[in-house]
>>> print(open('upload_38.txt').read())   # compact mmCIF, C-alpha atoms
# COMPACT_ATOMS: atom_id res chain seq x y z
CA MET W 1 0.00 0.00 0.00
CA ARG W 2 3.01 2.22 0.40
CA GLY W 3 2.98 3.29 -3.20
CA TRP W 4 -0.40 4.97 -3.05
CA ARG W 5 1.11 8.38 -2.46
CA GLU W 6 4.09 7.65 -4.63
CA THR W 7 2.26 6.97 -7.88
CA PRO W 8 3.50 9.22 -10.64
CA ILE W 9 0.69 11.46 -11.86
CA PRO W 10 1.16 10.67 -15.56
CA ALA W 11 0.62 6.96 -14.90
CA ARG W 12 -2.51 7.77 -12.94
CA ARG W 13 -3.84 9.91 -15.76
CA ARG W 14 -3.24 7.13 -18.24
CA ASP W 15 -5.25 4.77 -16.07
CA VAL W 16 -7.92 7.39 -15.70
CA ARG W 17 -8.24 7.81 -19.43
CA LEU W 18 -8.56 4.09 -19.89
CA LEU W 19 -11.23 3.99 -17.23
CA GLY W 20 -12.86 6.98 -18.88
CA LEU W 21 -12.99 5.06 -22.10
CA ILE W 22 -14.84 2.27 -20.37
CA LEU W 23 -17.35 4.64 -18.87
CA LEU W 24 -18.21 6.48 -22.03
CA LEU W 25 -18.65 3.47 -24.23
CA PRO W 26 -22.45 3.41 -24.01
CA PHE W 27 -22.48 6.79 -25.72
CA LEU W 28 -20.96 5.35 -28.81
CA LEU W 29 -23.76 4.94 -31.24
CA ALA W 30 -24.66 2.89 -34.22
CA TRP W 31 -23.59 4.50 -37.44
CA ASP W 32 -24.13 4.34 -41.17
CA GLY W 33 -20.61 3.23 -41.86
CA SER W 34 -18.93 6.60 -41.53
CA TRP W 35 -17.53 8.65 -38.71
CA GLU W 36 -19.82 11.50 -39.65
CA GLY W 37 -22.84 9.21 -39.29
CA PHE W 38 -21.57 8.23 -35.91
CA ARG W 39 -21.26 11.89 -34.89
CA GLU W 40 -24.70 12.73 -36.23
CA ALA W 41 -26.34 9.86 -34.33
CA SER W 42 -24.73 10.97 -31.08
CA ARG W 43 -26.18 14.46 -31.41
CA ARG W 44 -29.72 13.06 -31.43
CA ILE W 45 -29.38 11.43 -28.03
CA THR W 46 -30.64 13.55 -25.12
CA SER W 47 -30.89 10.75 -22.58
CA LEU W 48 -30.12 7.06 -22.36
CA GLU W 49 -31.10 4.36 -19.87
CA ALA W 50 -29.80 0.81 -20.07
CA ARG W 51 -29.25 -2.29 -18.02
CA PHE W 52 -25.96 -4.07 -18.47
CA VAL W 53 -24.36 -7.42 -17.76
CA GLN W 54 -20.61 -7.42 -17.33
CA LYS W 55 -18.69 -10.67 -17.77
CA LYS W 56 -15.09 -10.75 -16.67
CA THR W 57 -12.89 -13.54 -17.97
CA LEU W 58 -9.60 -14.30 -16.24
CA PRO W 59 -7.09 -17.14 -16.53
CA ILE W 60 -7.86 -18.24 -12.98
CA LEU W 61 -11.64 -18.18 -13.33
CA ALA W 62 -13.43 -21.35 -14.48
CA LYS W 63 -16.33 -19.26 -15.73
CA PRO W 64 -16.73 -15.51 -16.26
CA PHE W 65 -17.39 -13.39 -13.19
CA VAL W 66 -20.71 -11.66 -13.75
CA SER W 67 -21.74 -8.21 -12.52
CA ARG W 68 -24.98 -6.37 -13.27
CA GLY W 69 -26.17 -2.83 -13.12
CA ARG W 70 -27.64 0.12 -14.98
CA PHE W 71 -26.32 3.05 -16.92
CA LEU W 72 -28.01 6.44 -17.22
CA PHE W 73 -26.97 9.44 -19.28
CA GLN W 74 -28.52 12.88 -19.59
CA SER W 75 -27.30 15.44 -22.10
CA PRO W 76 -25.08 17.41 -22.02
CA GLY W 77 -22.89 15.54 -19.58
CA SER W 78 -24.61 13.91 -16.60
CA LEU W 79 -24.18 10.22 -15.97
CA ARG W 80 -24.86 7.52 -13.46
CA TRP W 81 -22.94 4.23 -13.72
CA GLU W 82 -24.35 1.86 -11.15
CA TYR W 83 -23.48 -1.70 -10.18
CA ASP W 84 -26.19 -3.63 -8.33
CA ASP W 85 -24.59 -7.01 -7.98
CA PRO W 86 -22.44 -8.47 -6.53
CA VAL W 87 -20.77 -5.27 -5.26
CA ARG W 88 -22.94 -2.20 -5.09
CA SER W 89 -21.29 1.00 -6.26
CA VAL W 90 -22.43 4.17 -7.95
CA LEU W 91 -20.50 6.74 -9.94
CA LEU W 92 -22.25 10.08 -10.42
CA SER W 93 -21.15 12.90 -12.69
CA HIS W 94 -23.04 16.17 -12.93
CA ARG W 95 -21.90 19.66 -13.93
CA GLY W 96 -18.26 18.78 -13.52
CA VAL W 97 -18.70 17.27 -10.05
CA VAL W 98 -17.90 13.59 -9.81
CA LYS W 99 -18.85 11.45 -6.83
CA ARG W 100 -18.38 7.80 -6.15
CA TYR W 101 -20.30 5.78 -3.58
CA LEU W 102 -19.89 2.32 -2.14
CA ARG W 103 -22.55 0.46 -0.27
CA ASP W 104 -21.57 -0.49 3.26
CA GLU W 105 -23.56 -2.95 5.29
CA ALA W 106 -26.46 -0.57 5.87
CA ALA W 107 -25.79 2.65 4.00
CA TRP W 108 -24.10 4.31 1.08
CA ARG W 109 -20.70 5.78 1.81
CA GLU W 110 -19.02 8.35 -0.37
CA GLU W 111 -15.58 7.21 -1.37
CA PRO W 112 -13.21 10.03 -0.48
CA GLY W 113 -9.89 11.18 -1.75
CA SER W 114 -7.96 9.99 -4.71
CA SER W 115 -10.71 8.20 -6.60
CA LEU W 116 -12.77 11.36 -6.65
CA SER W 117 -10.03 13.43 -8.25
CA ILE W 118 -9.43 10.67 -10.76
CA MET W 119 -13.03 10.78 -11.87
CA GLN W 120 -12.86 14.52 -12.53
CA THR W 121 -10.49 13.72 -15.36
CA VAL W 122 -12.74 10.94 -16.58
CA LEU W 123 -15.53 13.44 -17.15
CA ALA W 124 -13.49 15.45 -19.61
CA GLU W 125 -12.94 12.31 -21.67
CA ILE W 126 -16.62 11.42 -21.57
CA VAL W 127 -17.69 14.80 -22.90
CA ASN W 128 -15.17 14.55 -25.71
CA TRP W 129 -16.52 11.22 -26.85
CA GLN W 130 -20.13 12.12 -26.33
CA GLN W 131 -19.71 14.81 -28.92
CA GLY W 132 -18.78 12.18 -31.43
CA ARG W 133 -15.07 12.96 -31.51
CA PHE W 134 -14.55 9.27 -31.47
CA ASP W 135 -11.86 9.10 -34.13
CA ALA W 136 -9.99 12.06 -32.70
CA ASN W 137 -8.82 10.44 -29.50
CA PRO W 138 -5.05 10.77 -29.72
CA HIS W 139 -4.38 7.71 -27.62
CA PHE W 140 -6.22 5.18 -29.82
CA GLN W 141 -6.12 4.12 -33.42
CA ALA W 142 -9.76 3.54 -34.39
CA THR W 143 -10.75 1.22 -37.23
CA LEU W 144 -14.18 0.51 -38.65
CA VAL W 145 -14.65 -3.17 -39.42
CA SER W 146 -17.54 -3.86 -41.80
CA GLY W 147 -19.30 -7.18 -42.25
CA ALA W 148 -22.32 -9.01 -40.89
CA GLU W 149 -21.73 -7.44 -37.49
CA PRO W 150 -19.81 -4.18 -37.94
CA ARG W 151 -17.46 -3.21 -35.15
CA VAL W 152 -15.11 -0.48 -34.13
CA ILE W 153 -11.67 -1.62 -33.03
CA LEU W 154 -9.63 0.69 -30.83
CA VAL W 155 -5.94 -0.05 -30.41
CA PRO W 156 -3.67 2.04 -28.16
CA ARG W 157 -1.07 3.98 -30.09
CA GLU W 158 1.46 4.08 -27.26
CA THR W 159 3.45 1.13 -25.99
CA SER W 160 2.81 2.06 -22.37
CA TRP W 161 -0.94 1.96 -23.00
CA ARG W 162 -0.73 -1.34 -24.85
CA LYS W 163 0.74 -2.86 -21.69
CA MET W 164 -2.50 -1.93 -19.97
CA ILE W 165 -5.00 -2.83 -22.66
CA ARG W 166 -4.57 -4.62 -25.95
CA GLN W 167 -7.71 -3.41 -27.70
CA VAL W 168 -11.34 -2.39 -27.30
CA GLU W 169 -14.07 -3.78 -29.54
CA LEU W 170 -17.37 -1.91 -29.87
CA THR W 171 -20.37 -3.60 -31.45
CA PRO W 172 -23.42 -1.43 -32.24
CA SER W 173 -26.91 -2.85 -32.06
CA ARG W 174 -28.46 -3.92 -35.35
CA GLU W 175 -31.95 -3.84 -33.91
CA GLN W 176 -31.93 -0.47 -32.20
CA THR W 177 -30.36 2.41 -34.05
CA GLY W 178 -28.17 4.55 -31.92
CA VAL W 179 -27.43 1.95 -29.26
CA MET W 180 -24.38 -0.10 -28.42
CA LYS W 181 -24.91 -3.83 -28.18
CA SER W 182 -21.67 -4.69 -26.44
CA VAL W 183 -18.19 -3.60 -25.52
CA ARG W 184 -15.27 -5.98 -25.20
CA MET W 185 -12.09 -4.78 -23.54
CA VAL W 186 -9.12 -7.06 -24.03
CA GLU W 187 -6.29 -6.74 -21.56
CA GLU W 188 -4.57 -9.93 -22.56
CA GLU W 189 -5.52 -12.98 -24.55
CA ARG W 190 -7.20 -14.68 -21.60
CA SER W 191 -8.15 -11.58 -19.66
CA PHE W 192 -11.00 -9.49 -21.02
CA THR W 193 -14.27 -7.82 -20.04
CA LEU W 194 -17.49 -8.07 -22.02
CA ILE W 195 -20.27 -5.59 -21.25
CA GLU W 196 -23.61 -6.28 -22.91
CA PHE W 197 -26.35 -3.63 -22.85
CA HIS W 198 -30.05 -4.37 -22.93
CA GLN W 199 -33.39 -2.76 -22.14
CA VAL W 200 -32.09 0.45 -23.67
CA ARG W 201 -34.41 3.43 -23.69
CA LEU W 202 -33.58 6.69 -25.39
CA ASN W 203 -34.61 10.30 -25.00
CA ARG W 204 -36.90 9.93 -22.01
CA PRO W 205 -36.93 12.66 -19.35
CA LEU W 206 -34.83 11.58 -16.37
CA PRO W 207 -35.10 13.14 -12.90
CA GLY W 208 -32.07 15.30 -12.22
CA VAL W 209 -31.69 13.82 -8.76
CA LEU W 210 -30.51 10.58 -10.34
CA PHE W 211 -27.27 12.34 -11.25
CA THR W 212 -26.73 14.18 -7.97
CA ASP W 213 -27.94 11.84 -5.23
CA VAL W 214 -27.01 8.22 -4.71
CA GLU W 215 -30.57 7.38 -3.65
CA MET P 1 23.52 13.48 38.66
CA ASN P 2 21.39 11.14 40.70
CA ALA P 3 18.28 12.87 39.42
CA LEU P 4 19.46 12.36 35.86
CA LEU P 5 20.15 8.67 36.48
CA CYS P 6 16.75 8.28 38.07
CA ARG P 7 15.10 9.86 35.04
CA LEU P 8 17.04 7.66 32.62
CA PHE P 9 16.18 4.62 34.70
CA SER P 10 12.51 5.57 34.61
CA ILE P 11 12.59 5.98 30.84
CA LEU P 12 14.39 2.64 30.49
CA MET P 13 11.76 0.93 32.62
CA ILE P 14 8.96 2.44 30.53
CA VAL P 15 10.59 1.20 27.34
CA LEU P 16 11.15 -2.27 28.75
CA THR P 17 7.64 -2.46 30.12
CA ALA P 18 6.15 -1.34 26.83
CA GLY P 19 8.16 -4.00 25.05
CA ALA P 20 6.95 -6.63 27.43
CA CYS P 21 3.35 -5.61 26.81
CA ALA P 22 3.75 -5.91 23.07
CA ALA P 23 5.39 -9.33 23.14
CA PRO P 24 3.24 -12.45 23.18
CA SER P 25 2.47 -13.50 26.72
CA ALA P 26 3.62 -16.86 28.04
CA LEU P 27 1.04 -19.59 27.62
CA LYS P 28 -0.60 -21.26 30.58
CA PRO P 29 -1.11 -25.01 30.35
CA LEU P 30 -4.37 -26.27 28.91
CA ASP P 31 -6.72 -28.66 30.62
CA PRO P 32 -5.65 -32.00 29.07
CA GLY P 33 -9.22 -32.68 28.09
CA ALA P 34 -9.29 -29.54 25.94
CA ILE P 35 -6.13 -30.15 23.94
CA SER P 36 -7.61 -31.98 20.97
CA ALA P 37 -10.48 -29.51 20.63
CA VAL P 38 -8.13 -26.53 20.72
CA ALA P 39 -5.79 -28.11 18.17
CA ALA P 40 -8.72 -28.83 15.84
CA GLY P 41 -10.15 -25.36 16.34
CA CYS P 42 -6.93 -23.72 15.25
CA GLN P 43 -7.07 -25.55 11.93
CA ARG P 44 -10.71 -24.66 11.26
CA PRO P 45 -10.36 -21.22 9.64
CA PHE P 46 -7.77 -22.28 7.07
CA LEU P 47 -8.17 -23.95 3.70
CA LYS P 48 -7.94 -27.74 3.72
CA THR P 49 -7.83 -28.29 -0.03
CA THR P 50 -7.25 -26.21 -3.13
CA HIS P 51 -9.99 -23.63 -3.58
CA ARG P 52 -10.99 -20.85 -5.91
CA LEU P 53 -12.36 -17.90 -3.95
CA VAL P 54 -13.92 -14.64 -5.08
CA HIS P 55 -14.12 -11.83 -2.52
CA ALA P 56 -15.47 -8.32 -2.44
CA MET P 57 -12.46 -6.45 -1.11
CA GLU P 58 -12.08 -3.08 0.48
CA ALA P 59 -8.78 -1.53 1.44
CA GLU P 60 -8.36 1.23 4.01
CA LEU P 61 -5.19 3.00 3.00
CA PRO P 62 -2.65 4.91 5.11
CA ASP P 63 -3.94 8.26 3.81
CA GLY P 64 -7.44 7.46 5.04
CA GLY P 65 -8.74 6.69 1.58
CA LYS P 66 -10.63 3.54 0.72
CA GLU P 67 -10.47 1.47 -2.43
CA ALA P 68 -12.84 -1.32 -3.31
CA GLY P 69 -12.80 -4.11 -5.85
CA ILE P 70 -13.01 -7.81 -6.52
CA GLY P 71 -10.33 -10.29 -5.49
CA VAL P 72 -9.95 -13.73 -7.07
CA LEU P 73 -7.71 -16.29 -5.42
CA ILE P 74 -6.71 -19.86 -6.22
CA ALA P 75 -4.83 -21.30 -3.27
CA ASP P 76 -3.31 -24.70 -2.57
CA PRO P 77 -2.75 -25.04 1.19
CA HIS P 78 -0.58 -28.15 0.89
CA LYS P 79 1.93 -26.63 -1.50
CA ARG P 80 1.32 -23.16 -0.01
CA THR P 81 1.04 -21.79 -3.53
CA PHE P 82 -1.52 -19.36 -4.91
CA ARG P 83 -2.50 -17.03 -7.71
CA SER P 84 -4.24 -13.79 -6.78
CA THR P 85 -5.92 -11.20 -8.99
CA PHE P 86 -7.47 -7.94 -7.88
CA MET P 87 -9.67 -5.85 -10.15
CA THR P 88 -11.89 -2.81 -9.92
CA VAL P 89 -15.67 -3.18 -9.90
CA GLU P 90 -15.49 -2.22 -13.59
CA GLY P 91 -13.29 -5.25 -14.25
CA TRP P 92 -9.98 -3.46 -14.57
CA VAL P 93 -7.19 -5.78 -13.35
CA LEU P 94 -4.85 -3.93 -11.01
CA PHE P 95 -2.60 -6.79 -10.07
CA ASP P 96 -2.14 -10.46 -10.84
CA ILE P 97 0.50 -12.30 -8.86
CA GLU P 98 1.40 -15.97 -8.54
CA LYS P 99 3.31 -17.74 -5.81
CA GLY P 100 4.82 -21.05 -6.81
CA GLU P 101 8.41 -21.91 -6.11
CA THR P 102 9.04 -18.26 -6.81
CA LEU P 103 6.86 -15.17 -6.81
CA THR P 104 5.72 -14.12 -10.29
CA VAL P 105 4.09 -10.80 -11.11
CA HIS P 106 1.87 -11.26 -14.16
CA ARG P 107 0.48 -7.76 -14.02
CA VAL P 108 0.67 -4.86 -11.64
CA VAL P 109 -0.40 -1.28 -12.25
CA PRO P 110 -0.30 1.85 -10.11
CA PRO P 111 -0.88 2.26 -7.22
CA PHE P 112 -0.01 -1.38 -6.60
CA ASP P 113 3.42 -1.30 -8.22
CA SER P 114 5.28 -0.01 -5.20
CA PRO P 115 8.28 -1.85 -3.77
CA GLY P 116 7.19 -4.34 -1.16
CA PHE P 117 3.53 -4.45 -2.10
CA VAL P 118 3.68 -7.92 -3.64
CA ARG P 119 5.59 -9.28 -0.63
CA ARG P 120 2.98 -7.84 1.72
CA MET P 121 0.21 -9.45 -0.32
CA GLU P 122 2.00 -12.79 -0.21
CA GLU P 123 2.23 -12.56 3.56
CA ASP P 124 -1.42 -11.51 3.93
CA ILE P 125 -2.69 -14.40 1.84
CA ALA P 126 -0.57 -16.93 3.74
CA LEU P 127 -1.78 -15.62 7.10
CA ALA P 128 -5.44 -15.62 6.13
CA PHE P 129 -5.70 -18.91 4.24
CA PHE P 130 -2.84 -21.25 5.18
CA LEU P 131 -2.26 -23.05 8.48
CA PRO P 132 0.91 -21.40 9.80
CA GLY P 133 2.77 -24.65 10.44
CA MET P 134 2.73 -27.98 12.17
CA SER P 135 2.89 -28.98 15.84
CA PRO P 136 2.08 -25.70 17.56
CA ALA P 137 2.51 -25.09 21.24
CA LEU P 138 -0.92 -25.06 22.88
CA GLY P 139 -2.03 -23.09 25.89
CA ARG P 140 -4.06 -20.21 27.19
CA GLY P 141 -3.13 -16.58 26.87
CA LYS P 142 -3.39 -14.12 29.71
CA ASP P 143 -6.95 -13.28 28.69
CA GLY P 144 -7.92 -16.95 28.93
CA ALA P 145 -8.24 -17.53 25.18
CA ALA P 146 -7.02 -20.85 23.82
CA VAL P 147 -3.90 -20.26 21.72
CA CYS P 148 -1.97 -22.28 19.15
CA ARG P 149 1.52 -20.85 18.89
CA PHE P 150 3.56 -21.52 15.74
CA GLY P 151 7.25 -20.77 15.39
CA ASP P 152 9.50 -19.76 18.24
CA ALA P 153 11.26 -16.74 19.62
CA GLU P 154 14.12 -17.20 17.16
CA ARG P 155 11.85 -17.13 14.13
CA THR P 156 8.60 -15.58 13.00
CA ARG P 157 5.96 -16.27 15.61
CA VAL P 158 2.29 -16.68 14.77
CA ASP P 159 -0.54 -17.17 17.25
CA VAL P 160 -3.94 -18.54 16.30
CA LEU P 161 -6.56 -17.98 18.95
CA GLU P 162 -10.30 -18.17 19.41
CA ARG P 163 -12.06 -14.90 20.13
CA GLY P 164 -15.46 -16.41 20.81
CA ASP P 165 -18.54 -17.12 18.73
CA GLY P 166 -16.42 -18.98 16.21
CA VAL P 167 -14.31 -15.95 15.37
CA MET P 168 -10.61 -16.75 15.08
CA GLU P 169 -7.68 -14.39 15.19
CA VAL P 170 -4.24 -14.82 13.67
CA ARG P 171 -1.45 -12.66 15.08
CA LEU P 172 1.88 -12.25 13.35
CA TYR P 173 4.58 -10.95 15.63
CA GLY P 174 7.47 -8.87 14.38
CA GLU P 175 11.13 -9.08 15.24
CA GLY P 176 10.55 -7.04 18.37
CA GLN P 177 7.74 -9.48 19.20
CA GLY P 178 5.07 -6.80 18.88
CA VAL P 179 1.99 -7.67 16.84
CA ARG P 180 2.76 -6.76 13.23
CA LYS P 181 -0.38 -8.09 11.58
CA ARG P 182 -3.71 -9.22 12.88
CA VAL P 183 -6.15 -11.31 10.83
CA VAL P 184 -9.69 -11.76 12.09
CA ILE P 185 -11.45 -14.72 10.46
CA HIS P 186 -15.19 -14.88 10.98
CA PRO P 187 -17.04 -18.18 11.31
CA VAL P 188 -16.76 -20.55 8.39
CA ASN P 189 -19.79 -21.60 6.37
CA ARG P 190 -20.91 -25.15 5.69
CA ASP P 191 -18.21 -25.44 3.01
CA GLY P 192 -15.56 -24.55 5.57
CA LEU P 193 -14.93 -21.10 4.06
CA ALA P 194 -14.86 -17.88 6.06
CA GLU P 195 -17.57 -15.46 5.03
CA ARG P 196 -15.59 -12.43 6.19
CA ILE P 197 -11.91 -11.79 6.85
CA GLU P 198 -10.18 -8.66 8.11
CA ILE P 199 -6.42 -8.19 7.70
CA ARG P 200 -4.89 -5.33 9.65
CA SER P 201 -1.25 -4.28 9.38
CA SER P 202 -0.16 -2.21 12.35
CA VAL P 203 3.30 -1.33 11.11
CA TRP P 204 4.03 1.30 8.49
CA PRO P 205 2.47 1.50 5.98
CA SER P 206 -0.53 0.54 8.06
CA TYR P 207 -3.59 -0.62 6.18
CA THR P 208 -6.66 -2.78 6.62
CA LEU P 209 -8.19 -5.19 4.12
CA HIS P 210 -11.80 -6.33 4.40
CA LEU P 211 -12.75 -9.45 2.46
CA LYS P 212 -16.31 -10.64 1.99
CA LEU P 213 -16.80 -14.00 0.33
CA ILE P 214 -18.84 -13.92 -2.90
CA GLU P 215 -18.06 -17.34 -4.35
CA GLY P 216 -16.00 -20.31 -3.27
CA GLU P 217 -15.43 -23.69 -4.83
CA ALA P 218 -13.11 -26.59 -4.19
CA ILE P 219 -10.88 -27.52 -7.10
CA PRO P 220 -10.30 -31.25 -7.50
>>> encode(input="upload_38.txt", output="structure tokens")
Amino acid sequence: MRGWRETPIPARRRDVRLLGLILLLPFLLAWDGSWEGFREASRRITSLEARFVQKKTLPILAKPFVSRGRFLFQSPGSLRWEYDDPVRSVLLSHRGVVKRYLRDEAAWREEPGSSLSIMQTVLAEIVNWQQGRFDANPHFQATLVSGAEPRVILVPRETSWRKMIRQVELTPSREQTGVMKSVRMVEEERSFTLIEFHQVRLNRPLPGVLFTDVE
Amino acid sequence: MNALLCRLFSILMIVLTAGACAAPSALKPLDPGAISAVAAGCQRPFLKTTHRLVHAMEAELPDGGKEAGIGVLIADPHKRTFRSTFMTVEGWVLFDIEKGETLTVHRVVPPFDSPGFVRRMEEDIALAFFLPGMSPALGRGKDGAAVCRFGDAERTRVDVLERGDGVMEVRLYGEGQGVRKRVVIHPVNRDGLAERIEIRSSVWPSYTLHLKLIEGEAIP
């Protein structure tokens, strides 16, 4: 634990940006095969609600470790990323203020300190991507892969980033325009995370309190 | 001069007394009829066979901050080997270490890449999941708790004691014989696995780990 205060800031920021990438993935929308179509679709989204199932595969797990939760987004930049099971946690972002909560035995507890400052940086990344500047991220080489199930493949440009994550695969929904079907983040060949979204609802009015209060 | 000597003597006595308080107390003999039960009880909180365990983990850090995530552990108590992975709730792997004949770091990212972190993890896992040794000395501590004492004054000393209601405590003593780490293992479930474990390091950098069992399975 000694190194907590000793962590170089640049390394932290790199981790933060990777985490930011994970958090903003639901904003990435189905497209007509072009980046401009992608950008245009993103502008039409004012709010998004979705349930998700996250499956983590590791070399030492016999079967994927499954987590569940919900994701809420309200334009221009409010979000709620909530895990219900098996560990309850909530990340809130609203008007530049980021809060993270963990569920103790009987109550929610705001996680203080370093994690909070980390998430401030995450927000900046989210806004950038939400505006459809998907192919402008300087840290990733983005490639559109056409076919029966089109995908976007993101590969880190920098060696130091590639040590952290090998690639990210984004698969838009074929059934629901403007919605991501799944995100697959590959750390190593046998270590990856698959997040599948379902029950997605777009452009419904969401109470503002969802993005400011944990409950 | 005498006053100065008296003051130095007083300070010396305080230091010696403090040291004596920190060191493990001598064990009183057990009732012969209780020996087998105490010996069995000291083995109860530890793994008997190879298991895969998934825990919700929370770390209280020296700066007062808290970090939470998911820990996955495969541990073989006979070979005293393990592989341990810790990831964020979002699935981001922060470290992945393996203890076989040697200690292998498969992956470690900040803030877990500090010198000594992996060694501390290795020690924590051994204390919480592996029986400390064979043929402990048995007795009662000064508070009356039944104690199994592993090691001796020349080496690392570990006490395993019952705190009541099925809660067991493992104490690792440092070179000065003060308690360096304390592991509280809550009652085991019907599969023989502890539902909750708390690991507290009282030497710098002090920290506390809380583990709550999510899944556990024996591996043939």
>>> atom_distance(input="upload_38.txt", atom1="CA of Glu175 (chain W)", atom2="CA of Asp84 (chain W)")
26.2 Å
>>> closest_atom_pairs(input="upload_38.txt", of="chain P", to="chain W", cutoff="9 Å", atoms="all atoms listed in the file", output="Markdown table")
| residue | atom | partner | partner_atom | distance |
| --- | --- | --- | --- | --- |
| P:Arg52 | CA | W:Leu61 | CA | 7.9 |
| P:Val54 | CA | W:Phe65 | CA | 8.9 |
| P:Ala56 | CA | W:Val87 | CA | 6.7 |
| P:Leu61 | CA | W:Met1 | CA | 6.7 |
| P:Pro62 | CA | W:Met1 | CA | 7.6 |
| P:Asp63 | CA | W:Arg5 | CA | 8.1 |
| P:Gly64 | CA | W:Gly113 | CA | 8.1 |
| P:Gly65 | CA | W:Gly113 | CA | 5.7 |
| P:Lys66 | CA | W:Glu111 | CA | 6.5 |
| P:Glu67 | CA | W:Glu111 | CA | 7.8 |
| P:Ala68 | CA | W:Leu102 | CA | 8.0 |
| P:Gly69 | CA | W:Val87 | CA | 8.1 |
| P:Ile70 | CA | W:Val87 | CA | 8.3 |
| P:Val72 | CA | W:Ile60 | CA | 7.7 |
| P:Leu73 | CA | W:Ile60 | CA | 7.8 |
| P:Ile74 | CA | W:Ile60 | CA | 7.0 |
| P:Arg83 | CA | W:Ile60 | CA | 7.6 |
| P:Ser84 | CA | W:Ile60 | CA | 8.4 |
| P:Thr85 | CA | W:Ile60 | CA | 8.3 |
| P:Val89 | CA | W:Val87 | CA | 7.2 |
| P:Glu90 | CA | W:Ile22 | CA | 8.2 |
| P:Gly91 | CA | W:Lys56 | CA | 6.3 |
| P:Trp92 | CA | W:Leu19 | CA | 8.0 |
| P:Val93 | CA | W:Glu187 | CA | 8.3 |
| P:Arg107 | CA | W:Met164 | CA | 8.8 |
| P:Val109 | CA | W:Met164 | CA | 8.0 |
| P:Pro110 | CA | W:Thr7 | CA | 6.1 |
| P:Pro111 | CA | W:Trp4 | CA | 5.0 |
| P:Phe112 | CA | W:Gly3 | CA | 6.5 |
| P:Asp113 | CA | W:Gly3 | CA | 6.8 |
| P:Ser114 | CA | W:Gly3 | CA | 4.5 |
| P:Pro115 | CA | W:Gly3 | CA | 7.4 |
| P:Gly116 | CA | W:Arg2 | CA | 7.9 |
| P:Phe117 | CA | W:Met1 | CA | 6.1 |
| P:Arg120 | CA | W:Met1 | CA | 8.6 |
| P:Trp204 | CA | W:Arg2 | CA | 8.2 |
| P:Pro205 | CA | W:Arg2 | CA | 5.7 |
| P:Ser206 | CA | W:Met1 | CA | 8.1 |
| P:Tyr207 | CA | W:Met1 | CA | 7.2 |
| P:Ile214 | CA | W:Pro86 | CA | 7.5 |
>>> write_last_selection(input="upload_38.txt", atoms="C-alpha atoms", output="short mmCIF file (atom, residue, chain, number, x, y, z; two decimals), keeping the file's coordinate frame")
data_model
loop_
_atom_site.label_atom_id
_atom_site.label_comp_id
_atom_site.auth_asym_id
_atom_site.auth_seq_id
_atom_site.Cartn_x
_atom_site.Cartn_y
_atom_site.Cartn_z
CA ARG P 52 -10.99 -20.85 -5.91
CA VAL P 54 -13.92 -14.64 -5.08
CA ALA P 56 -15.47 -8.32 -2.44
CA LEU P 61 -5.19 3.00 3.00
CA PRO P 62 -2.65 4.91 5.11
CA ASP P 63 -3.94 8.26 3.81
CA GLY P 64 -7.44 7.46 5.04
CA GLY P 65 -8.74 6.69 1.58
CA LYS P 66 -10.63 3.54 0.72
CA GLU P 67 -10.47 1.47 -2.43
CA ALA P 68 -12.84 -1.32 -3.31
CA GLY P 69 -12.80 -4.11 -5.85
CA ILE P 70 -13.01 -7.81 -6.52
CA VAL P 72 -9.95 -13.73 -7.07
CA LEU P 73 -7.71 -16.29 -5.42
CA ILE P 74 -6.71 -19.86 -6.22
CA ARG P 83 -2.50 -17.03 -7.71
CA SER P 84 -4.24 -13.79 -6.78
CA THR P 85 -5.92 -11.20 -8.99
CA VAL P 89 -15.67 -3.18 -9.90
CA GLU P 90 -15.49 -2.22 -13.59
CA GLY P 91 -13.29 -5.25 -14.25
CA TRP P 92 -9.98 -3.46 -14.57
CA VAL P 93 -7.19 -5.78 -13.35
CA ARG P 107 0.48 -7.76 -14.02
CA VAL P 109 -0.40 -1.28 -12.25
CA PRO P 110 -0.30 1.85 -10.11
CA PRO P 111 -0.88 2.26 -7.22
CA PHE P 112 -0.01 -1.38 -6.60
CA ASP P 113 3.42 -1.30 -8.22
CA SER P 114 5.28 -0.01 -5.20
CA PRO P 115 8.28 -1.85 -3.77
CA GLY P 116 7.19 -4.34 -1.16
CA PHE P 117 3.53 -4.45 -2.10
CA ARG P 120 2.98 -7.84 1.72
CA TRP P 204 4.03 1.30 8.49
CA PRO P 205 2.47 1.50 5.98
CA SER P 206 -0.53 0.54 8.06
CA TYR P 207 -3.59 -0.62 6.18
CA ILE P 214 -18.84 -13.92 -2.90
#
>>> closest_residue(input="upload_38.txt", among="P:Gly100, P:Gly133, P:Pro29, P:Pro24", to="Gln43 (chain P)", atoms="only C-alpha atoms")
P:Gly133
>>> atom_distance(input="upload_38.txt", atom1="CA of Cys148 (chain P)", atom2="CA of Val38 (chain P)")
7.6 Å
>>> closest_residue(input="upload_38.txt", among="W:Gly69, W:Ile45, W:Arg51, W:Gly96", to="Thr212 (chain W)", atoms="all atoms listed in the file")
W:Gly96
>>> closest_residue(input="upload_38.txt", among="P:Arg163, P:Lys79, P:Arg140, P:His51", to="Leu30 (chain P)", atoms="all atoms listed in the file")
P:Arg140
>>> residues_near_point(input="upload_38.txt", point="(-4.2, 3.5, -29.9)", cutoff="7 Å", atoms="all atoms listed in the file", output="CSV table (one decimal) with C-alpha atoms, in the coordinates of the input")
chain,number,residue,atom,x,y,z
W,139,HIS,CA,-4.4,7.7,-27.6
W,140,PHE,CA,-6.2,5.2,-29.8
W,141,GLN,CA,-6.1,4.1,-33.4
W,154,LEU,CA,-9.6,0.7,-30.8
W,155,VAL,CA,-5.9,0.0,-30.4
W,156,PRO,CA,-3.7,2.0,-28.2
W,157,ARG,CA,-1.1,4.0,-30.1
W,158,GLU,CA,1.5,4.1,-27.3
